[in-house]
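Source file: run-v1.cif. Holds: mmCIF, C-alpha atoms.
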data_entry
loop_
_atom_site.label_atom_id
_atom_site.label_comp_id
_atom_site.auth_asym_id
_atom_site.auth_seq_id
_atom_site.Cartn_x
_atom_site.Cartn_y
_atom_site.Cartn_z
CA MET A 1 0.00 0.00 0.00
CA THR A 2 1.55 3.29 -1.09
CA ALA A 3 0.72 6.68 0.40
CA THR A 4 -3.01 7.25 0.02
CA PRO A 5 -5.26 10.19 0.80
CA THR A 6 -7.03 9.84 4.15
CA PRO A 7 -10.59 8.76 3.33
CA ALA A 8 -13.68 10.48 4.75
CA ILE A 9 -14.96 9.25 8.10
CA GLY A 10 -17.09 6.18 7.58
CA THR A 11 -15.28 5.05 4.45
CA ALA A 12 -14.73 1.30 4.52
CA LEU A 13 -12.15 -0.34 2.27
CA PRO A 14 -12.25 -4.11 1.72
CA LEU A 15 -8.68 -5.34 1.55
CA LEU A 16 -7.02 -8.59 0.64
CA PHE A 17 -3.54 -9.18 1.93
CA THR A 18 -0.82 -11.75 1.41
CA TYR A 19 1.83 -12.08 4.07
CA ARG A 20 4.78 -14.37 4.49
CA ASP A 21 6.59 -14.93 7.75
CA CYS A 22 9.53 -17.10 8.70
CA LEU A 23 9.94 -17.79 12.39
CA PHE A 24 11.33 -20.16 14.96
CA GLY A 25 9.13 -22.55 16.88
CA ASN A 26 10.00 -24.98 19.64
CA GLY A 27 12.36 -27.24 17.72
CA PHE A 28 11.53 -26.15 14.19
CA VAL A 29 11.87 -23.35 11.68
CA VAL A 30 8.68 -22.58 9.83
CA GLU A 31 7.35 -20.52 6.96
CA VAL A 32 3.80 -19.21 7.11
CA HIS A 33 2.30 -17.98 3.85
CA ALA A 34 -1.11 -16.38 4.31
CA ILE A 35 -2.77 -15.77 0.94
CA ASN A 36 -5.70 -13.41 0.42
CA GLY A 37 -6.49 -12.79 4.04
CA ARG A 38 -9.32 -10.29 4.43
CA ALA A 39 -9.38 -7.06 6.42
CA LEU A 40 -11.69 -4.07 6.52
CA CYS A 41 -10.02 -0.67 6.76
CA VAL A 42 -12.48 1.81 8.25
CA GLN A 43 -11.89 5.50 8.75
CA GLU A 44 -13.30 6.12 12.23
CA ARG A 45 -13.35 9.38 14.16
CA ASP A 46 -10.40 8.13 16.17
CA GLY A 47 -8.28 7.27 13.13
CA SER A 48 -7.98 4.43 10.69
CA TRP A 49 -8.79 0.92 11.86
CA MET A 50 -7.89 -2.37 10.22
CA TYR A 51 -10.43 -4.94 11.38
CA GLY A 52 -9.54 -8.53 10.63
CA VAL A 53 -12.12 -10.63 8.78
CA ASN A 54 -9.82 -13.62 8.20
CA PRO A 55 -8.18 -13.73 10.62
CA GLY A 56 -11.13 -12.30 12.49
CA GLY A 57 -9.69 -12.21 15.99
CA MET A 58 -7.52 -9.13 15.69
CA ALA A 59 -7.55 -5.42 14.84
CA ALA A 60 -5.05 -2.57 14.64
CA ASN A 61 -5.17 1.16 14.14
CA GLY A 62 -3.12 4.12 12.97
CA ASP A 63 -3.40 7.75 11.98
CA ASP A 64 -4.10 6.85 8.35
CA PRO A 65 -4.75 3.67 6.34
CA LEU A 66 -1.05 3.17 5.64
CA ALA A 67 -0.15 3.38 9.32
CA ALA A 68 -3.07 1.13 10.27
CA HIS A 69 -1.93 -1.47 7.77
CA GLY A 70 1.59 -1.31 9.16
CA GLU A 71 0.29 -1.92 12.66
CA PHE A 72 -1.94 -4.74 11.43
CA ARG A 73 1.00 -6.38 9.68
CA GLN A 74 3.12 -6.20 12.82
CA ALA A 75 0.30 -7.53 14.97
CA PHE A 76 -0.18 -10.47 12.59
CA SER A 77 3.48 -11.43 12.92
CA ALA A 78 3.40 -10.96 16.69
CA ILE A 79 0.44 -13.33 16.97
CA LEU A 80 2.28 -15.97 14.95
CA LYS A 81 5.20 -15.65 17.36
CA ALA A 82 2.83 -16.01 20.32
CA LEU A 83 1.37 -19.15 18.75
CA ALA A 84 4.90 -20.49 18.25
CA HIS A 85 5.45 -20.09 21.98
CA GLU A 86 2.21 -21.95 22.72
CA ALA A 87 2.91 -24.90 20.43
CA ASN A 88 5.13 -27.78 21.51
CA SER A 89 5.37 -29.28 18.04
CA PHE A 90 5.15 -28.31 14.40
CA ASP A 91 1.80 -30.06 13.97
CA GLU A 92 0.36 -28.18 16.94
CA PHE A 93 1.66 -24.88 15.59
CA ARG A 94 0.20 -25.55 12.15
CA ALA A 95 -3.19 -26.33 13.68
CA LEU A 96 -3.14 -23.17 15.82
CA VAL A 97 -2.17 -20.96 12.88
CA THR A 98 -4.76 -22.52 10.58
CA ASP A 99 -7.52 -22.06 13.15
CA PHE A 100 -6.45 -18.47 13.80
CA PHE A 101 -6.42 -17.54 10.13
CA ASN A 102 -9.66 -19.27 9.17
CA ASP A 103 -11.67 -18.00 12.15
CA THR A 104 -13.94 -15.43 10.50
CA ASN A 105 -15.21 -12.27 12.17
CA PRO A 106 -18.86 -12.51 11.07
CA GLY A 107 -19.72 -8.91 11.89
CA HIS A 108 -16.85 -7.50 9.90
CA GLU A 109 -17.44 -10.00 7.11
CA ARG A 110 -20.89 -8.52 6.48
CA ALA A 111 -19.39 -5.03 6.37
CA TRP A 112 -16.55 -6.27 4.13
CA ASN A 113 -19.06 -7.64 1.61
CA GLN A 114 -21.01 -4.37 1.68
CA ALA A 115 -17.77 -2.46 1.11
CA VAL A 116 -16.97 -4.63 -1.91
CA ASP A 117 -20.38 -3.77 -3.40
CA ALA A 118 -19.82 -0.07 -2.70
CA LEU A 119 -16.39 -0.12 -4.29
CA ARG A 120 -17.70 -1.81 -7.42
CA SER A 121 -20.28 0.94 -7.84
CA ASP A 122 -17.84 3.80 -7.24
CA ASN A 123 -14.78 3.55 -9.45
CA SER A 124 -13.62 7.05 -8.51
CA LEU A 125 -12.82 6.00 -4.97
CA ALA A 126 -10.81 3.00 -6.08
CA ALA A 127 -8.92 5.09 -8.62
CA ALA A 128 -8.07 7.75 -6.02
CA LEU A 129 -6.67 5.19 -3.62
CA GLN A 130 -3.97 3.91 -5.98
CA ILE A 131 -4.20 0.43 -4.51
CA PRO A 132 -4.09 -2.56 -6.87
CA ARG A 133 -7.47 -4.24 -7.39
CA VAL A 134 -8.02 -7.97 -7.41
CA PRO A 135 -11.21 -10.07 -7.51
CA ALA A 136 -12.96 -10.11 -4.13
CA ASP A 137 -13.48 -13.87 -4.40
CA SER A 138 -9.77 -14.59 -4.86
CA PRO A 139 -9.11 -17.93 -3.12
CA ARG A 140 -7.93 -17.67 0.47
CA SER A 141 -5.44 -20.14 1.93
CA ILE A 142 -2.83 -20.55 4.61
CA HIS A 143 0.32 -22.62 4.15
CA VAL A 144 2.44 -23.60 7.12
CA GLU A 145 5.55 -25.49 6.16
CA MET A 146 8.60 -26.71 7.96
CA LYS A 147 11.62 -24.84 6.66
CA GLN A 148 14.69 -26.93 5.94
CA LEU A 149 17.83 -24.97 6.67
CA VAL A 150 19.26 -25.74 3.24
CA SER A 151 16.29 -23.90 1.72
CA VAL A 152 16.60 -20.80 3.90
CA ARG A 153 17.25 -17.76 1.71
CA ALA A 154 18.07 -14.16 2.45
CA ASP A 155 14.78 -13.31 0.71
CA ASP A 156 13.01 -14.94 3.65
CA ASN A 157 13.72 -11.79 5.62
CA ASP A 158 11.32 -9.86 3.37
CA ALA A 159 8.03 -10.46 5.08
CA ASN A 160 5.86 -7.61 3.84
CA LEU A 161 3.76 -7.78 0.72
CA GLU A 162 1.31 -5.24 -0.60
CA PRO A 163 -2.40 -5.37 0.20
CA ALA A 164 -4.96 -5.02 -2.59
CA LEU A 165 -8.51 -3.72 -2.86
CA ALA A 166 -11.13 -6.43 -3.16
CA ALA A 167 -13.59 -5.55 -5.87
CA MET B 1 -17.92 7.71 19.64
CA ALA B 2 -15.74 7.48 22.69
CA PRO B 3 -12.20 6.76 21.44
CA PHE B 4 -11.37 4.91 24.66
CA VAL B 5 -13.31 2.66 26.97
CA LYS B 6 -12.49 1.58 30.49
CA LEU B 7 -11.20 -1.97 30.62
CA ASP B 8 -13.14 -2.59 33.82
CA ALA B 9 -16.34 -1.75 31.94
CA VAL B 10 -15.31 -4.22 29.23
CA TRP B 11 -14.96 -6.99 31.83
CA ASP B 12 -18.34 -6.08 33.29
CA MET B 13 -19.85 -6.24 29.80
CA LEU B 14 -18.29 -9.62 29.08
CA ASP B 15 -19.39 -11.00 32.45
CA ASP B 16 -22.96 -10.15 31.54
CA CYS B 17 -23.04 -10.51 27.75
CA LEU B 18 -20.54 -13.32 27.10
CA THR B 19 -20.98 -15.48 30.15
CA GLY B 20 -18.31 -18.14 30.49
CA TYR B 21 -15.59 -16.30 28.66
CA GLU B 22 -11.99 -16.59 29.78
CA LYS B 23 -9.26 -14.00 29.66
CA LYS B 24 -5.54 -14.55 29.65
CA SER B 25 -2.87 -11.89 29.80
CA SER B 26 0.64 -11.86 28.40
CA ASP B 27 3.20 -9.10 28.93
CA GLU B 28 1.28 -6.53 26.90
CA TYR B 29 -2.02 -8.01 25.73
CA TRP B 30 -5.19 -9.78 26.71
CA THR B 31 -6.57 -12.78 24.85
CA ILE B 32 -10.30 -13.44 25.21
CA LYS B 33 -11.45 -17.03 24.77
CA PHE B 34 -14.99 -18.30 24.34
CA GLY B 35 -16.51 -21.32 22.65
CA GLY B 36 -13.16 -22.61 21.46
CA ARG B 37 -12.34 -19.32 19.71
CA SER B 38 -9.83 -16.64 20.64
CA TYR B 39 -9.69 -12.87 20.18
CA ARG B 40 -6.13 -11.61 20.53
CA ARG B 41 -4.13 -8.49 21.20
CA ILE B 42 -6.37 -6.36 23.37
CA PRO B 43 -3.81 -4.03 24.97
CA LEU B 44 -3.35 -4.17 28.70
CA GLY B 45 -3.46 -0.38 28.62
CA PRO B 46 -0.89 2.39 28.66
CA HIS B 47 -0.06 1.80 32.29
CA GLY B 48 0.43 -1.95 32.18
CA ARG B 49 -1.63 -3.84 34.70
CA LYS B 50 -2.88 -0.90 36.78
CA GLN B 51 -6.54 -0.83 37.63
CA ASN B 52 -9.20 0.82 35.47
CA VAL B 53 -7.03 1.44 32.44
CA SER B 54 -8.52 2.47 29.09
CA VAL B 55 -8.20 0.80 25.71
CA LYS B 56 -9.04 2.10 22.27
CA SER B 57 -12.68 1.45 21.39
CA GLY B 58 -11.88 -0.16 18.06
CA HIS B 59 -10.41 -3.21 19.73
CA ILE B 60 -13.63 -3.74 21.63
CA ARG B 61 -15.85 -3.05 18.60
CA SER B 62 -13.97 -5.79 16.79
CA LEU B 63 -14.22 -8.14 19.78
CA VAL B 64 -17.99 -7.62 19.96
CA ARG B 65 -18.39 -8.40 16.27
CA PHE B 66 -16.07 -11.40 16.44
CA PHE B 67 -18.15 -13.12 19.11
CA GLU B 68 -21.42 -11.62 17.81
CA ILE B 69 -22.25 -10.31 21.26
CA ASN B 70 -25.74 -8.88 21.58
CA GLU B 71 -25.37 -5.16 20.91
CA GLU B 72 -28.22 -4.13 23.21
CA CYS B 73 -26.43 -5.89 26.02
CA VAL B 74 -23.14 -4.20 25.12
CA GLU B 75 -24.76 -0.75 25.11
CA ARG B 76 -25.72 -1.16 28.74
CA PHE B 77 -22.04 -1.02 29.61
CA LEU B 78 -20.15 0.68 26.77
CA ASP B 79 -20.55 3.42 24.18
CA LEU B 80 -19.14 1.88 21.01
CA THR B 81 -21.50 3.49 18.51
#

Would it be possible to restate this file's structure as structure tokens?
Amino acid sequence: MTATPTPAIGTALPLLFTYRDCLFGNGFVVEVHAINGRALCVQERDGSWMYGVNPGGMAANGDDPLAAHGEFRQAFSAILKALAHEANSFDEFRALVTDFFNDTNPGHERAWNQAVDALRSDNSLAAALQIPRVPADSPRSIHVEMKQLVSVRADDNDANLEPALAA
Amino acid sequence: MAPFVKLDAVWDMLDDCLTGYEKKSSDEYWTIKFGGRSYRRIPLGPHGRKQNVSVKSGHIRSLVRFFEINEECVERFLDLT
């Protein structure tokens, strides 16, 4: 997400995000690749909020959508690290991460779907935001894989990927 | 919309509106568990574990929607509108 104008209060942006994290668990190194997670970015009176839809059990905020997304991204990684502390094995970690990611926030999901409809009917807003657009029904998945040390690359340090507008 | 809500009022709301919930704290955050599901990263507040701290309302709005807590019940304790 590049610098965007701060939307009017009440504006809701349906976002899809793809994140990759590499982290240490208890006895394993793991890569988590979350594809087309869903979040709703809402401009509230107290700033921009990123409400998780999938994963639904988290939210983050910032002064503007860019800052809110940055906080959301950091919170996502921090939760993965917390889950790594909780899990005693790779299989347990994979189950915890999968449950976390797939647990939908039903209230925000309804608002996310409404925001998709609104975005489709107002191309000017999408154009002004300068965020790439992808189909709202892009398939969502989470991949948790043991990382063999021979396959560790310096690129694994690059965890952040750009979010996209769901339309 | 109140940008902050008192954490004590949140616990009172959950006691009444999400009976049976559990809360667990780490160094900086609360996790709320109910029905096999977890809501994560509610801040402990700017002053750590002191009593009656405030948290940003958005975290609680999201929590309410995650567990689909009855909004009329929530309004008896918190202003999240």

Suppose you want the space between CA of Asp99 in chain A and CA of Ala167 in chain A; what is it in Å?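 Separation of CA of Asp99 in chain A and CA of Ala167 in chain A: 25.9 Å.
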
Write out as number ranges by chain every residue belonging to chain A that has an atom at most 9 Å from any atom of chain B, counting all atoms listed in the file. A: 44-46, 49, 51-53, 56-61, 75, 79, 99-100, 103-108

Polymer residues at most 6 Å from Leu40 in chain A, only C-alpha atoms, same-chain spacing of 5 or more positions, as JSON, numbers by chain: {"A": [13, 14, 15, 50, 51, 112]}

Contacts of range 120-133 of chain A within 12 Å, all atoms listed in the file, excl. fewer than 6 positions in-chain, as a list in words: Met1, Thr2, Ala3, Thr4, Pro5, Thr6, Pro7, Ala8, Thr11, Ala12, Leu13, Pro14, Leu15, Leu16, Phe17, Pro65, Leu66, Asn113, Gln114, Glu162, Pro163, Ala164, Leu165, Ala166 and Ala167 of chain A

Contact residues around Val10 in chain B with all atoms listed in the file at 8 Å, ignoring same-chain residues under 5 positions, as JSON, numbers by chain: {"B": [5, 60, 77, 78]}

Give me a file of those residues, with C-alpha atoms, as an mmCIF file, keeping the file's coordinate frame.
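Printed below is part27.cif as written:
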data_model
loop_
_atom_site.group_PDB
_atom_site.id
_atom_site.type_symbol
_atom_site.label_atom_id
_atom_site.label_comp_id
_atom_site.auth_asym_id
_atom_site.auth_seq_id
_atom_site.Cartn_x
_atom_site.Cartn_y
_atom_site.Cartn_z
ATOM 1 C CA VAL B 5 -13.310 2.660 26.970
ATOM 2 C CA ILE B 60 -13.630 -3.740 21.630
ATOM 3 C CA PHE B 77 -22.040 -1.020 29.610
ATOM 4 C CA LEU B 78 -20.150 0.680 26.770
#

Write out as a ChimeraX atom specification each polymer residue whose atoms come within 8 Å of range 80-82 of chain A, counting all atoms listed in the file; drop sequence neighbours fewer than 6 positions from it. /A:23-25,97

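Across A:Asn26, A:Pro139, A:Arg73, A:Leu96, the tightest approach to Gly36 in chain B is made by A:Leu96 when counting all atoms listed in the file.
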
When you look at His143 in chain A with a cut-off of 12 Å (counting only C-alpha atoms), what residues show up, excluding the ones that are within fewer than 4 positions of it in the same chain? I need them as a compact mmCIF listing (two decimals) with C-alpha atoms, in the coordinates of the input.
# COMPACT_ATOMS: atom_id res chain seq x y z
CA THR A 18 -0.82 -11.75 1.41
CA TYR A 19 1.83 -12.08 4.07
CA ARG A 20 4.78 -14.37 4.49
CA ASP A 21 6.59 -14.93 7.75
CA CYS A 22 9.53 -17.10 8.70
CA VAL A 30 8.68 -22.58 9.83
CA GLU A 31 7.35 -20.52 6.96
CA VAL A 32 3.80 -19.21 7.11
CA HIS A 33 2.30 -17.98 3.85
CA ALA A 34 -1.11 -16.38 4.31
CA ILE A 35 -2.77 -15.77 0.94
CA ASN A 36 -5.70 -13.41 0.42
CA GLY A 37 -6.49 -12.79 4.04
CA PHE A 93 1.66 -24.88 15.59
CA ARG A 94 0.20 -25.55 12.15
CA ALA A 95 -3.19 -26.33 13.68
CA VAL A 97 -2.17 -20.96 12.88
CA THR A 98 -4.76 -22.52 10.58
CA ASP A 99 -7.52 -22.06 13.15
CA PHE A 101 -6.42 -17.54 10.13
CA ASN A 102 -9.66 -19.27 9.17
CA LYS A 147 11.62 -24.84 6.66

Measure the distance from CA of Tyr29 in chain B to CA of Val144 in chain A in Å and round it to one decimal.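 According to the coordinates, CA of Tyr29 in chain B and CA of Val144 in chain A are separated by 24.7 Å.
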
Residue members of the PyMOL selection byres ((chain B and resi 7) around 7) in the file shown, as a PyMOL selection string: chain B and resi 5-6+8-11+52-55

Atomic distance CA of Cys41 in chain A - CA of Gly62 in chain A, expressed in Å with one decimal: 10.4 Å
